[in-house]
>>> print(open('query.txt').read())   # compact mmCIF, C-alpha atoms
# COMPACT_ATOMS: atom_id res chain seq x y z
CA MET Y 1 116.06 50.76 72.64
CA ILE Y 2 112.45 50.78 71.53
CA ILE Y 3 110.33 47.80 72.51
CA LYS Y 4 106.93 47.20 70.97
CA ILE Y 5 104.24 44.88 72.26
CA LEU Y 6 102.08 43.67 69.37
CA GLY Y 7 98.53 42.61 70.15
CA PRO Y 8 94.94 43.79 70.04
CA GLY Y 9 94.69 44.13 73.80
CA CYS Y 10 93.85 40.68 75.11
CA THR Y 11 95.04 39.15 78.37
CA ASN Y 12 98.12 37.66 76.76
CA CYS Y 13 99.21 41.04 75.44
CA ALA Y 14 98.79 42.62 78.86
CA ASN Y 15 100.81 39.79 80.39
CA LEU Y 16 103.58 40.22 77.84
CA GLU Y 17 103.71 43.93 78.55
CA ARG Y 18 103.94 43.27 82.28
CA VAL Y 19 106.83 40.77 82.04
CA THR Y 20 108.62 42.99 79.51
CA ARG Y 21 108.44 46.04 81.75
CA GLN Y 22 109.67 43.91 84.62
CA ALA Y 23 112.58 42.58 82.54
CA VAL Y 24 113.48 46.11 81.47
CA ALA Y 25 113.46 47.24 85.10
CA ASP Y 26 115.53 44.23 86.18
CA LEU Y 27 118.15 44.86 83.50
CA GLY Y 28 118.16 48.58 84.22
CA VAL Y 29 118.32 49.40 80.51
CA ASN Y 30 116.99 52.56 79.00
CA ALA Y 31 114.05 51.37 76.94
CA GLU Y 32 110.77 52.71 75.73
CA VAL Y 33 107.88 50.22 75.79
CA GLU Y 34 105.05 50.91 73.35
CA LYS Y 35 101.91 49.01 72.47
CA VAL Y 36 100.89 48.32 68.88
CA THR Y 37 97.21 47.42 68.59
CA ASP Y 38 96.52 48.15 64.93
CA TYR Y 39 96.05 44.90 63.00
CA ALA Y 40 97.65 46.17 59.80
CA ALA Y 41 100.70 47.31 61.77
CA ILE Y 42 100.92 43.97 63.58
CA LEU Y 43 100.76 42.08 60.30
CA GLY Y 44 103.32 44.53 58.93
CA TYR Y 45 105.83 42.89 61.27
CA GLY Y 46 104.85 39.45 59.94
CA VAL Y 47 103.24 38.48 63.24
CA MET Y 48 100.11 36.33 62.94
CA SER Y 49 99.91 34.88 66.40
CA THR Y 50 99.74 37.48 69.09
CA PRO Y 51 101.24 38.60 71.34
CA GLY Y 52 104.44 39.61 69.60
CA LEU Y 53 107.54 41.27 70.97
CA VAL Y 54 109.51 43.65 68.76
CA VAL Y 55 112.85 45.15 69.75
CA ASP Y 56 114.22 47.97 67.58
CA ASP Y 57 111.87 46.93 64.74
CA LYS Y 58 112.91 43.28 64.82
CA VAL Y 59 110.49 40.56 65.91
CA VAL Y 60 112.11 38.51 68.67
CA LEU Y 61 109.13 36.48 69.82
CA SER Y 62 105.51 35.76 68.91
CA GLY Y 63 102.61 33.55 69.80
CA ARG Y 64 103.25 33.06 73.49
CA VAL Y 65 103.85 34.82 76.75
CA PRO Y 66 107.38 34.22 77.98
CA THR Y 67 108.56 34.59 81.56
CA ALA Y 68 110.33 37.72 82.71
CA ALA Y 69 113.56 35.70 82.87
CA GLN Y 70 113.19 34.68 79.23
CA VAL Y 71 112.59 38.29 78.20
CA ARG Y 72 115.71 39.29 80.13
CA GLU Y 73 117.69 36.72 78.15
CA LEU Y 74 116.26 38.08 74.90
CA LEU Y 75 116.92 41.70 75.78
CA ALA Y 76 120.33 41.44 77.41
CA PRO Y 77 122.39 40.95 74.22
CA LEU Y 78 120.41 43.67 72.43
CA ALA Y 79 120.84 46.23 75.18
CA SER Y 80 124.35 47.37 74.40
CA MET M 1 108.50 34.24 89.70
CA THR M 2 105.54 32.21 88.57
CA LEU M 3 104.69 28.77 89.87
CA ALA M 4 105.78 27.16 86.61
CA GLU M 5 109.12 28.97 86.76
CA ARG M 6 109.77 27.80 90.28
CA LEU M 7 108.96 24.24 89.24
CA ARG M 8 111.58 24.33 86.48
CA PRO M 9 113.90 21.40 87.13
CA ALA M 10 117.66 21.78 87.29
CA THR M 11 118.60 18.68 85.30
CA PRO M 12 116.95 16.54 82.57
CA THR M 13 116.82 13.51 84.90
CA ARG M 14 114.98 15.50 87.52
CA ARG M 15 112.58 16.75 84.89
CA TRP M 16 111.51 13.26 83.82
CA VAL M 17 111.41 12.01 87.42
CA ALA M 18 109.17 14.94 88.40
CA LEU M 19 106.94 14.35 85.40
CA GLY M 20 106.68 10.64 86.23
CA ALA M 21 105.85 11.39 89.87
CA ALA M 22 103.16 13.82 88.77
CA ALA M 23 101.65 11.17 86.50
CA VAL M 24 101.62 8.59 89.30
CA ALA M 25 100.03 11.09 91.70
CA TRP M 26 97.40 11.89 89.07
CA PHE M 27 96.39 8.27 88.55
CA GLY M 28 96.41 7.67 92.33
CA LEU M 29 94.07 10.58 93.00
CA TYR M 30 91.81 9.56 90.13
CA ALA M 31 91.56 6.02 91.50
CA VAL M 32 90.73 6.99 95.12
CA ASN M 33 88.26 9.74 94.16
CA LEU M 34 85.13 7.58 94.12
CA PRO M 35 85.86 5.34 97.16
CA PHE M 36 86.91 8.40 99.18
CA TRP M 37 83.63 10.30 98.69
CA ASP M 38 81.59 7.08 99.12
CA TRP M 39 83.29 6.65 102.46
CA LEU M 40 83.07 10.30 103.56
CA VAL M 41 79.53 11.14 102.42
CA PHE M 42 77.79 7.84 103.11
CA ASP M 43 79.80 6.20 105.91
CA VAL M 44 81.25 9.07 107.94
CA VAL M 45 78.57 11.75 107.48
CA GLY M 46 75.90 9.08 107.20
CA LEU M 47 73.77 10.47 104.37
CA ALA M 48 71.61 7.82 102.75
CA THR M 49 72.80 6.65 99.32
CA GLU M 50 69.30 6.89 97.88
CA SER M 51 68.38 10.27 99.40
CA ARG M 52 68.25 13.39 97.25
CA LEU M 53 70.64 15.25 99.52
CA GLY M 54 73.03 12.31 99.71
CA SER M 55 73.22 11.65 96.01
CA GLY M 56 73.32 15.39 95.18
CA VAL M 57 76.18 16.13 97.58
CA HIS M 58 78.06 13.02 96.52
CA PHE M 59 77.62 13.91 92.83
CA PHE M 60 78.91 17.44 93.42
CA LEU M 61 82.04 16.46 95.35
CA HIS M 62 82.96 13.44 93.25
CA ASP M 63 82.37 15.25 89.96
CA SER M 64 84.28 18.38 90.98
CA VAL M 65 87.43 16.43 91.79
CA LYS M 66 87.11 14.14 88.79
CA ILE M 67 86.59 17.03 86.38
CA LEU M 68 89.47 19.04 87.83
CA LEU M 69 91.82 16.06 87.50
CA LEU M 70 90.75 15.35 83.92
CA LEU M 71 91.08 18.98 82.94
CA ALA M 72 94.55 19.34 84.44
CA GLY M 73 95.78 16.11 82.83
CA ILE M 74 94.38 16.65 79.36
CA ILE M 75 95.08 20.38 79.07
CA PHE M 76 98.68 19.69 80.05
CA LEU M 77 99.11 16.92 77.49
CA VAL M 78 97.39 18.85 74.71
CA THR M 79 99.42 22.01 75.36
CA VAL M 80 102.72 20.13 75.31
CA LEU M 81 101.77 18.30 72.08
CA ARG M 82 100.45 21.45 70.43
CA SER M 83 103.66 23.32 71.20
CA PHE M 84 105.13 21.43 68.23
CA MET M 85 102.69 23.17 65.89
CA SER M 86 102.21 26.86 65.20
CA VAL M 87 99.87 29.13 63.27
CA GLU M 88 102.78 30.00 60.99
CA ARG M 89 103.43 26.39 60.11
CA THR M 90 99.71 25.81 59.52
CA ARG M 91 99.58 28.77 57.19
CA ALA M 92 102.53 27.45 55.23
CA LEU M 93 100.77 24.06 54.93
CA LEU M 94 97.54 25.68 53.73
CA GLY M 95 99.05 28.22 51.33
CA GLY M 96 97.96 27.52 47.75
CA ARG M 97 95.58 24.69 48.69
CA ARG M 98 92.36 24.48 46.76
CA GLU M 99 88.97 24.41 48.36
CA GLY M 100 87.82 20.94 49.26
CA VAL M 101 91.12 19.34 50.26
CA GLY M 102 92.06 22.68 51.80
CA ASN M 103 88.90 22.72 53.93
CA VAL M 104 89.61 19.25 55.27
CA MET M 105 93.22 20.09 56.07
CA ALA M 106 92.24 23.41 57.61
CA ALA M 107 89.72 21.78 59.93
CA GLY M 108 92.25 19.16 61.02
CA LEU M 109 94.96 21.74 61.56
CA GLY M 110 92.48 23.91 63.45
CA VAL M 111 92.28 21.18 66.06
CA ILE M 112 96.02 20.67 66.55
CA THR M 113 97.31 24.23 66.17
CA PRO M 114 97.77 26.21 69.38
CA PHE M 115 95.51 29.17 68.92
CA CYS M 116 94.13 31.90 71.10
CA SER M 117 90.87 33.42 69.92
CA CYS M 118 92.48 36.85 70.32
CA SER M 119 94.72 35.90 67.37
CA ALA M 120 91.70 35.20 65.16
CA VAL M 121 91.92 38.51 63.31
CA PRO M 122 95.67 38.60 62.59
CA ALA M 123 95.52 34.91 61.61
CA PHE M 124 92.59 35.59 59.27
CA ILE M 125 94.43 38.45 57.59
CA GLY M 126 97.68 36.49 57.47
CA PHE M 127 96.03 33.45 55.88
CA VAL M 128 94.21 35.52 53.27
CA ALA M 129 97.36 37.50 52.49
CA ALA M 130 99.20 34.21 51.95
CA GLY M 131 96.65 33.14 49.34
CA VAL M 132 94.67 30.73 51.51
CA PRO M 133 91.07 30.83 50.16
CA VAL M 134 88.56 32.56 52.45
CA GLY M 135 86.45 29.41 52.84
CA VAL M 136 89.50 27.37 53.87
CA THR M 137 90.48 30.06 56.38
CA LEU M 138 86.96 29.96 57.82
CA SER M 139 87.16 26.16 58.18
CA PHE M 140 90.24 26.72 60.34
CA LEU M 141 88.56 29.43 62.40
CA ILE M 142 85.45 27.30 62.98
CA ALA M 143 87.31 24.10 63.90
CA SER M 144 89.71 25.77 66.28
CA PRO M 145 87.28 26.75 69.06
CA LEU M 146 84.79 24.01 68.18
CA VAL M 147 86.95 20.98 68.82
CA ASN M 148 88.19 22.05 72.16
CA GLU M 149 90.47 20.22 74.57
CA VAL M 150 88.38 21.10 77.61
CA ALA M 151 85.32 19.53 75.98
CA ILE M 152 87.34 16.47 74.93
CA ALA M 153 88.61 15.99 78.50
CA LEU M 154 85.13 16.24 79.99
CA LEU M 155 83.33 14.14 77.37
CA PHE M 156 85.91 11.42 77.68
CA GLY M 157 85.72 11.43 81.47
CA LEU M 158 81.96 11.57 81.73
CA PHE M 159 80.76 9.56 78.71
CA GLY M 160 83.72 7.50 77.51
CA LEU M 161 85.47 7.17 74.18
CA GLY M 162 82.46 6.75 71.84
CA PRO M 163 80.75 10.11 72.38
CA THR M 164 84.17 11.81 72.44
CA LEU M 165 85.03 10.51 68.97
CA LEU M 166 81.55 11.46 67.75
CA TYR M 167 82.10 14.97 69.05
CA VAL M 168 85.50 15.36 67.38
CA GLY M 169 84.19 13.88 64.13
CA ALA M 170 81.11 16.09 64.19
CA GLY M 171 83.21 19.19 64.86
CA LEU M 172 85.50 18.42 61.92
CA VAL M 173 82.60 17.74 59.55
CA ILE M 174 80.81 20.95 60.55
CA ALA M 175 84.00 22.99 60.06
CA VAL M 176 84.75 21.43 56.66
CA ILE M 177 81.22 21.83 55.30
CA ALA M 178 80.54 25.29 56.74
CA GLY M 179 83.86 26.60 55.39
CA PHE M 180 83.24 25.00 52.01
CA VAL M 181 79.72 26.43 51.72
CA LEU M 182 80.84 29.91 52.81
CA GLY M 183 83.67 29.74 50.28
CA LYS M 184 81.21 28.87 47.49
CA LEU M 185 78.99 31.82 48.43
CA LYS M 186 81.69 34.21 47.20
CA VAL M 187 81.83 35.98 50.50
CA GLU M 188 84.84 38.13 49.54
CA ARG M 189 82.53 41.12 49.04
CA TRP M 190 81.56 40.88 52.73
CA ILE M 191 85.09 41.13 54.00
CA GLU M 192 86.47 44.47 55.11
CA PRO M 193 88.65 45.79 52.24
CA PHE M 194 91.67 46.47 54.45
CA VAL M 195 92.18 42.71 54.78
CA PHE M 196 93.10 42.44 51.11
CA GLU M 197 95.28 45.54 51.26
CA THR M 198 97.34 44.39 54.21
CA ARG M 199 100.68 42.96 53.28
CA LEU M 200 102.59 40.67 55.55
CA GLY M 201 105.84 42.41 56.23
CA GLY M 202 109.14 41.39 57.67
CA GLN M 203 109.99 37.78 58.22
CA VAL M 204 107.30 35.51 59.54
CA ILE M 205 108.51 34.18 62.83
CA ASP M 206 107.69 30.59 63.66
CA SER M 207 107.58 30.29 67.42
CA SER M 208 107.46 26.50 67.66
CA PRO M 209 111.02 25.30 66.96
CA GLY M 210 113.76 26.15 69.40
CA LEU M 211 111.63 25.36 72.40
CA THR M 212 113.21 22.99 74.89
CA TRP M 213 111.31 20.25 76.71
CA ASP M 214 111.46 22.41 79.81
CA ASP M 215 109.84 25.26 77.86
CA ARG M 216 107.08 22.98 76.61
CA ILE M 217 106.40 21.51 80.06
CA GLN M 218 106.38 24.98 81.55
CA MET M 219 103.88 26.10 78.91
CA GLY M 220 101.73 23.10 79.84
CA ILE M 221 101.73 23.97 83.54
CA GLU M 222 101.00 27.62 82.83
CA GLU M 223 98.13 26.72 80.49
CA VAL M 224 96.58 24.41 83.10
CA SER M 225 96.74 27.04 85.81
CA GLU M 226 95.47 29.76 83.48
CA ILE M 227 92.51 27.76 82.15
CA LEU M 228 91.53 26.44 85.57
CA HIS M 229 91.76 29.96 86.94
CA LYS M 230 89.50 31.19 84.16
CA ILE M 231 86.86 28.48 84.17
CA TRP M 232 86.42 27.49 87.81
CA PRO M 233 83.37 29.72 88.40
CA TYR M 234 81.66 28.24 85.32
CA LEU M 235 82.63 24.79 86.48
CA LEU M 236 81.21 25.21 89.99
CA VAL M 237 77.95 26.68 88.72
CA GLY M 238 77.69 23.90 86.13
CA ILE M 239 78.38 21.13 88.62
CA GLY M 240 76.02 22.74 91.15
CA LEU M 241 73.21 22.91 88.57
CA GLY M 242 74.04 19.38 87.50
CA ALA M 243 73.86 18.19 91.10
CA ALA M 244 70.53 19.98 91.60
CA ILE M 245 69.06 18.37 88.47
CA HIS M 246 70.56 15.07 89.51
CA GLY M 247 68.99 15.13 92.96
CA TRP M 248 65.82 17.21 92.62
CA ALA M 249 64.45 17.47 89.07
CA PRO M 250 61.52 15.08 88.52
CA GLU M 251 62.50 12.05 86.52
CA ASP M 252 60.37 12.79 83.45
CA PHE M 253 60.56 16.60 83.49
CA PHE M 254 63.18 16.97 80.73
CA THR M 255 62.27 13.95 78.67
CA ARG M 256 58.69 15.19 78.43
CA TYR M 257 59.78 18.48 76.80
CA ALA M 258 63.07 17.65 75.10
CA GLY M 259 63.13 13.87 74.77
CA VAL M 260 62.90 11.74 71.65
CA GLY M 261 59.17 12.50 71.45
CA ASN M 262 59.79 16.14 70.52
CA PRO M 263 60.94 16.47 66.89
CA PHE M 264 62.04 20.09 67.43
CA ALA M 265 64.19 19.33 70.48
CA VAL M 266 67.50 19.65 68.60
CA VAL M 267 66.55 22.97 66.97
CA ILE M 268 65.41 24.37 70.30
CA ALA M 269 68.54 23.12 72.04
CA VAL M 270 70.73 24.88 69.45
CA LEU M 271 68.68 28.09 69.57
CA ILE M 272 69.10 28.14 73.35
CA GLY M 273 72.77 27.23 73.08
CA VAL M 274 73.96 29.88 70.60
CA PRO M 275 73.36 33.01 72.74
CA LEU M 276 74.39 31.20 75.92
CA TYR M 277 77.96 32.12 76.56
CA SER M 278 79.68 29.59 78.68
CA ASN M 279 82.50 27.26 78.00
CA ALA M 280 82.72 23.53 77.81
CA ALA M 281 83.57 23.34 81.50
CA GLY M 282 80.35 24.95 82.62
CA ILE M 283 78.13 23.12 80.20
CA MET M 284 79.39 19.57 80.49
CA PRO M 285 78.27 18.74 84.06
CA LEU M 286 74.84 19.97 83.01
CA VAL M 287 74.93 17.76 79.93
CA GLU M 288 75.87 14.79 82.10
CA ALA M 289 72.96 15.37 84.48
CA LEU M 290 70.51 15.84 81.59
CA HIS M 291 71.80 12.67 79.97
CA ASP M 292 71.17 10.81 83.23
CA LYS M 293 67.62 12.11 83.06
CA GLY M 294 67.15 10.40 79.72
CA LEU M 295 67.80 13.13 77.15
CA PRO M 296 69.26 11.77 73.88
CA MET M 297 72.97 12.28 73.25
CA GLY M 298 72.50 13.97 69.84
CA THR M 299 70.36 16.73 71.32
CA LEU M 300 72.85 17.24 74.14
CA LEU M 301 75.90 17.28 71.86
CA ALA M 302 74.18 19.80 69.57
CA PHE M 303 73.42 21.98 72.59
CA MET M 304 76.98 21.77 73.83
CA ILE M 305 78.54 22.46 70.42
CA ALA M 306 76.23 25.46 69.94
CA VAL M 307 77.30 26.92 73.27
CA VAL M 308 81.01 26.36 72.64
CA ALA M 309 81.30 27.07 68.90
CA LEU M 310 79.36 30.27 68.46
CA SER M 311 80.15 32.85 71.07
CA LEU M 312 79.41 36.54 71.07
CA PRO M 313 82.94 37.66 72.06
CA GLU M 314 84.43 35.77 69.12
CA LEU M 315 81.85 37.19 66.72
CA ILE M 316 82.62 40.70 67.95
CA LEU M 317 86.32 40.08 67.26
CA LEU M 318 85.56 38.74 63.79
CA ARG M 319 83.41 41.81 63.07
CA ARG M 320 86.70 43.67 62.61
CA VAL M 321 87.31 41.74 59.39
CA LEU M 322 83.89 40.38 58.39
CA LYS M 323 80.90 42.53 57.47
CA PRO M 324 77.55 41.87 59.22
CA PRO M 325 76.01 39.84 56.34
CA LEU M 326 78.94 37.43 56.50
CA ILE M 327 78.75 37.21 60.31
CA ALA M 328 75.04 36.34 59.99
CA THR M 329 75.75 33.77 57.25
CA PHE M 330 78.57 32.33 59.34
CA VAL M 331 76.23 31.84 62.31
CA ALA M 332 73.44 30.46 60.11
CA VAL M 333 75.64 27.96 58.24
CA THR M 334 77.43 26.76 61.37
CA GLY M 335 74.15 26.57 63.31
CA THR M 336 72.53 24.52 60.53
CA GLY M 337 75.49 22.15 60.59
CA ILE M 338 75.15 21.70 64.35
CA ILE M 339 71.42 20.98 64.06
CA ALA M 340 72.05 18.43 61.30
CA VAL M 341 74.66 16.69 63.43
CA GLY M 342 72.26 16.57 66.39
CA TYR M 343 69.53 14.85 64.36
CA LEU M 344 72.05 12.51 62.78
CA PHE M 345 73.35 11.37 66.18
CA ASN M 346 69.87 10.96 67.58
CA ALA M 347 69.02 8.77 64.60
CA VAL M 348 72.24 6.76 64.74
CA LEU M 349 72.39 6.32 68.50
CA ALA M 350 68.71 5.64 69.08
>>> encode(input="query.txt", output="structure tokens")
Amino acid sequence: MIIKILGPGCTNCANLERVTRQAVADLGVNAEVEKVTDYAAILGYGVMSTPGLVVDDKVVLSGRVPTAAQVRELLAPLAS
Amino acid sequence: MTLAERLRPATPTRRWVALGAAAVAWFGLYAVNLPFWDWLVFDVVGLATESRLGSGVHFFLHDSVKILLLLAGIIFLVTVLRSFMSVERTRALLGGRREGVGNVMAAGLGVITPFCSCSAVPAFIGFVAAGVPVGVTLSFLIASPLVNEVAIALLFGLFGLGPTLLYVGAGLVIAVIAGFVLGKLKVERWIEPFVFETRLGGQVIDSSPGLTWDDRIQMGIEEVSEILHKIWPYLLVGIGLGAAIHGWAPEDFFTRYAGVGNPFAVVIAVLIGVPLYSNAAGIMPLVEALHDKGLPMGTLLAFMIAVVALSLPELILLRRVLKPPLIATFVAVTGTGIIAVGYLFNAVLA
């Protein structure tokens, strides 16, 4: 799967990337984690409050930094 | 695992019991703070109550604990309450509003919407793309950092309810008027063209529903630890300076230069405050000490608002969407509003 972290590069975005990478490692899924920092691209996903988390081009979360456990719960059903 | 994750309760009953216990502990600590330092500094260590060293040290210790408690309590409450709002919901409420009513709503929503300044640019674009007038959007962006929960916590703790309400009211009025004026100036030509070309794609996700109480409480704990982590150096420097002024500065030093006798005091305070980049936590202990030295509240509030409302990092972020003439106008209009509020309060409170 392809995971995108939406955000201009603030602390929250870095935190989201960290917990996401951790969740991916914990689940042992094969995923590519990319960062999207371009504002037009972020808005293109309909995300106004950063950070946003996009899995396979679908927004699953925005506006807050979840815990690694919460990201695991979000990713697990999508990781088939 | 983070601290907040480890604190996650297993059952709803345990959650409310833990929350209740935390509240009781908070009030207990707050109540023993003053007697404890009285006892330790004056009785055990034996410093004289009237001495500079004694009152300075006592001020520093008592204020540090009091401010930390207030910050933790109020940031937690505000974060939990704000988790019921979201930028997406605010945008939906503001879409299609006219200027005037829209400015008032935007300023109010700016206070209660959870908002990180790093979202300023996507929110700006998103609002404009949804048809929210530029002036109304600016009212939101001014109110959001201006009426700030850290400042509310400290003002309330150090000066009581009156000045706190004045501060909130002043912040709202400045945001409404500045946004309205900027909207009337037809500032669209000073906005980067890509803003108007960007289309909101996909489905706008509202992050606020679907959160459980445990989620909201966890967000509160995380916010408290994050903010305290971020501001403690400012806080210590601020309280240290405040303690120094409290104990050592000559009684009439500040009133002679910035007291009611100087008609330019408010303007000077704002001009000093704008480039100063601190946050409410660093500035408030200083404000308290200066107030004790006899400076008028209007001048001090104007100084504090100038420091908190207009910050270079935020202006640099906004530069991505606003052209330099609009940034300059933004600073000028907001600064003028702050100065006006300072004089008004000095006149009303004198």
>>> closest_atom_pairs(input="query.txt", of="chain Y", to="chain M", cutoff="10 Å", atoms="all atoms listed in the file", output="JSON lines")
{"residue": "Y:Gly7", "atom": "CA", "partner": "M:Ser119", "partner_atom": "CA", "distance": 8.2}
{"residue": "Y:Pro8", "atom": "CA", "partner": "M:Cys118", "partner_atom": "CA", "distance": 7.4}
{"residue": "Y:Gly9", "atom": "CA", "partner": "M:Cys118", "partner_atom": "CA", "distance": 8.4}
{"residue": "Y:Cys10", "atom": "CA", "partner": "M:Cys118", "partner_atom": "CA", "distance": 6.3}
{"residue": "Y:Thr11", "atom": "CA", "partner": "M:Cys118", "partner_atom": "CA", "distance": 8.8}
{"residue": "Y:Asn12", "atom": "CA", "partner": "M:Cys118", "partner_atom": "CA", "distance": 8.6}
{"residue": "Y:Cys13", "atom": "CA", "partner": "M:Cys118", "partner_atom": "CA", "distance": 9.4}
{"residue": "Y:Asp38", "atom": "CA", "partner": "M:Pro122", "partner_atom": "CA", "distance": 9.9}
{"residue": "Y:Tyr39", "atom": "CA", "partner": "M:Pro122", "partner_atom": "CA", "distance": 6.3}
{"residue": "Y:Ala40", "atom": "CA", "partner": "M:Thr198", "partner_atom": "CA", "distance": 5.9}
{"residue": "Y:Ala41", "atom": "CA", "partner": "M:Thr198", "partner_atom": "CA", "distance": 8.8}
{"residue": "Y:Ile42", "atom": "CA", "partner": "M:Pro122", "partner_atom": "CA", "distance": 7.6}
{"residue": "Y:Leu43", "atom": "CA", "partner": "M:Leu200", "partner_atom": "CA", "distance": 5.3}
{"residue": "Y:Gly44", "atom": "CA", "partner": "M:Gly201", "partner_atom": "CA", "distance": 4.3}
{"residue": "Y:Tyr45", "atom": "CA", "partner": "M:Gly201", "partner_atom": "CA", "distance": 5.1}
{"residue": "Y:Gly46", "atom": "CA", "partner": "M:Val204", "partner_atom": "CA", "distance": 4.7}
{"residue": "Y:Val47", "atom": "CA", "partner": "M:Val204", "partner_atom": "CA", "distance": 6.2}
{"residue": "Y:Met48", "atom": "CA", "partner": "M:Ala123", "partner_atom": "CA", "distance": 5.0}
{"residue": "Y:Ser49", "atom": "CA", "partner": "M:Ser119", "partner_atom": "CA", "distance": 5.4}
{"residue": "Y:Thr50", "atom": "CA", "partner": "M:Ser119", "partner_atom": "CA", "distance": 5.5}
{"residue": "Y:Pro51", "atom": "CA", "partner": "M:Ser119", "partner_atom": "CA", "distance": 8.1}
{"residue": "Y:Gly52", "atom": "CA", "partner": "M:Ile205", "partner_atom": "CA", "distance": 9.6}
{"residue": "Y:Asp57", "atom": "CA", "partner": "M:Gly202", "partner_atom": "CA", "distance": 9.4}
{"residue": "Y:Lys58", "atom": "CA", "partner": "M:Gly202", "partner_atom": "CA", "distance": 8.3}
{"residue": "Y:Val59", "atom": "CA", "partner": "M:Ile205", "partner_atom": "CA", "distance": 7.4}
{"residue": "Y:Val60", "atom": "CA", "partner": "M:Ile205", "partner_atom": "CA", "distance": 8.1}
{"residue": "Y:Leu61", "atom": "CA", "partner": "M:Ser207", "partner_atom": "CA", "distance": 6.8}
{"residue": "Y:Ser62", "atom": "CA", "partner": "M:Ser207", "partner_atom": "CA", "distance": 6.0}
{"residue": "Y:Gly63", "atom": "CA", "partner": "M:Ser207", "partner_atom": "CA", "distance": 6.4}
{"residue": "Y:Arg64", "atom": "CA", "partner": "M:Ser207", "partner_atom": "CA", "distance": 8.0}
{"residue": "Y:Val65", "atom": "CA", "partner": "M:Met219", "partner_atom": "CA", "distance": 9.0}
{"residue": "Y:Pro66", "atom": "CA", "partner": "M:Met219", "partner_atom": "CA", "distance": 8.9}
{"residue": "Y:Thr67", "atom": "CA", "partner": "M:Glu5", "partner_atom": "CA", "distance": 7.7}
{"residue": "Y:Ala68", "atom": "CA", "partner": "M:Met1", "partner_atom": "CA", "distance": 8.0}
{"residue": "Y:Ala69", "atom": "CA", "partner": "M:Met1", "partner_atom": "CA", "distance": 8.6}
>>> atom_distance(input="query.txt", atom1="CA of Leu154 in chain M", atom2="CA of Leu70 in chain M")
6.9 Å
>>> atom_distance(input="query.txt", atom1="CA of Trp232 in chain M", atom2="CA of Leu155 in chain M")
17.2 Å
>>> residues_around(input="query.txt", residues="Ile142 in chain M", least_positions_apart="5", cutoff="10 Å", atoms="all atoms listed in the file", output="mmCIF file with C-alpha atoms, in the coordinates of the input")
data_model
loop_
_atom_site.group_PDB
_atom_site.id
_atom_site.type_symbol
_atom_site.label_atom_id
_atom_site.label_comp_id
_atom_site.auth_asym_id
_atom_site.auth_seq_id
_atom_site.Cartn_x
_atom_site.Cartn_y
_atom_site.Cartn_z
ATOM 1 C CA ALA M 106 92.240 23.410 57.610
ATOM 2 C CA ALA M 107 89.720 21.780 59.930
ATOM 3 C CA GLY M 110 92.480 23.910 63.450
ATOM 4 C CA VAL M 111 92.280 21.180 66.060
ATOM 5 C CA VAL M 136 89.500 27.370 53.870
ATOM 6 C CA THR M 137 90.480 30.060 56.380
ATOM 7 C CA VAL M 147 86.950 20.980 68.820
ATOM 8 C CA GLY M 171 83.210 19.190 64.860
ATOM 9 C CA LEU M 172 85.500 18.420 61.920
ATOM 10 C CA ILE M 174 80.810 20.950 60.550
ATOM 11 C CA ALA M 175 84.000 22.990 60.060
ATOM 12 C CA VAL M 176 84.750 21.430 56.660
ATOM 13 C CA ALA M 178 80.540 25.290 56.740
ATOM 14 C CA GLY M 179 83.860 26.600 55.390
ATOM 15 C CA ALA M 309 81.300 27.070 68.900
ATOM 16 C CA LEU M 310 79.360 30.270 68.460
ATOM 17 C CA PHE M 330 78.570 32.330 59.340
ATOM 18 C CA THR M 334 77.430 26.760 61.370
#
>>> atom_distance(input="query.txt", atom1="CA of Leu166 in chain M", atom2="CA of Val270 in chain M")
17.3 Å
>>> closest_residue(input="query.txt", among="Y:Val55, Y:Asn15, Y:Glu32, Y:Ile5", to="Ala76 in chain Y", atoms="all atoms listed in the file")
Y:Val55
>>> residues_around(input="query.txt", residues="Pro77 in chain Y", least_positions_apart="3", cutoff="12 Å", atoms="only C-alpha atoms", output="list in words")
Met1, Leu27, Val29, Val55, Val60, Val71, Arg72, Glu73, Leu74 and Ser80 of chain Y
>>> write_last_selection(input="query.txt", atoms="C-alpha atoms", output="short mmCIF file (atom, residue, chain, number, x, y, z; two decimals), in the coordinates of the input")
data_model
loop_
_atom_site.label_atom_id
_atom_site.label_comp_id
_atom_site.auth_asym_id
_atom_site.auth_seq_id
_atom_site.Cartn_x
_atom_site.Cartn_y
_atom_site.Cartn_z
CA MET Y 1 116.06 50.76 72.64
CA LEU Y 27 118.15 44.86 83.50
CA VAL Y 29 118.32 49.40 80.51
CA VAL Y 55 112.85 45.15 69.75
CA VAL Y 60 112.11 38.51 68.67
CA VAL Y 71 112.59 38.29 78.20
CA ARG Y 72 115.71 39.29 80.13
CA GLU Y 73 117.69 36.72 78.15
CA LEU Y 74 116.26 38.08 74.90
CA SER Y 80 124.35 47.37 74.40
#
>>> closest_residue(input="query.txt", among="Y:Asp56, Y:Val36, Y:Val19, Y:Leu78", to="Ile3 in chain Y", atoms="only C-alpha atoms")
Y:Asp56
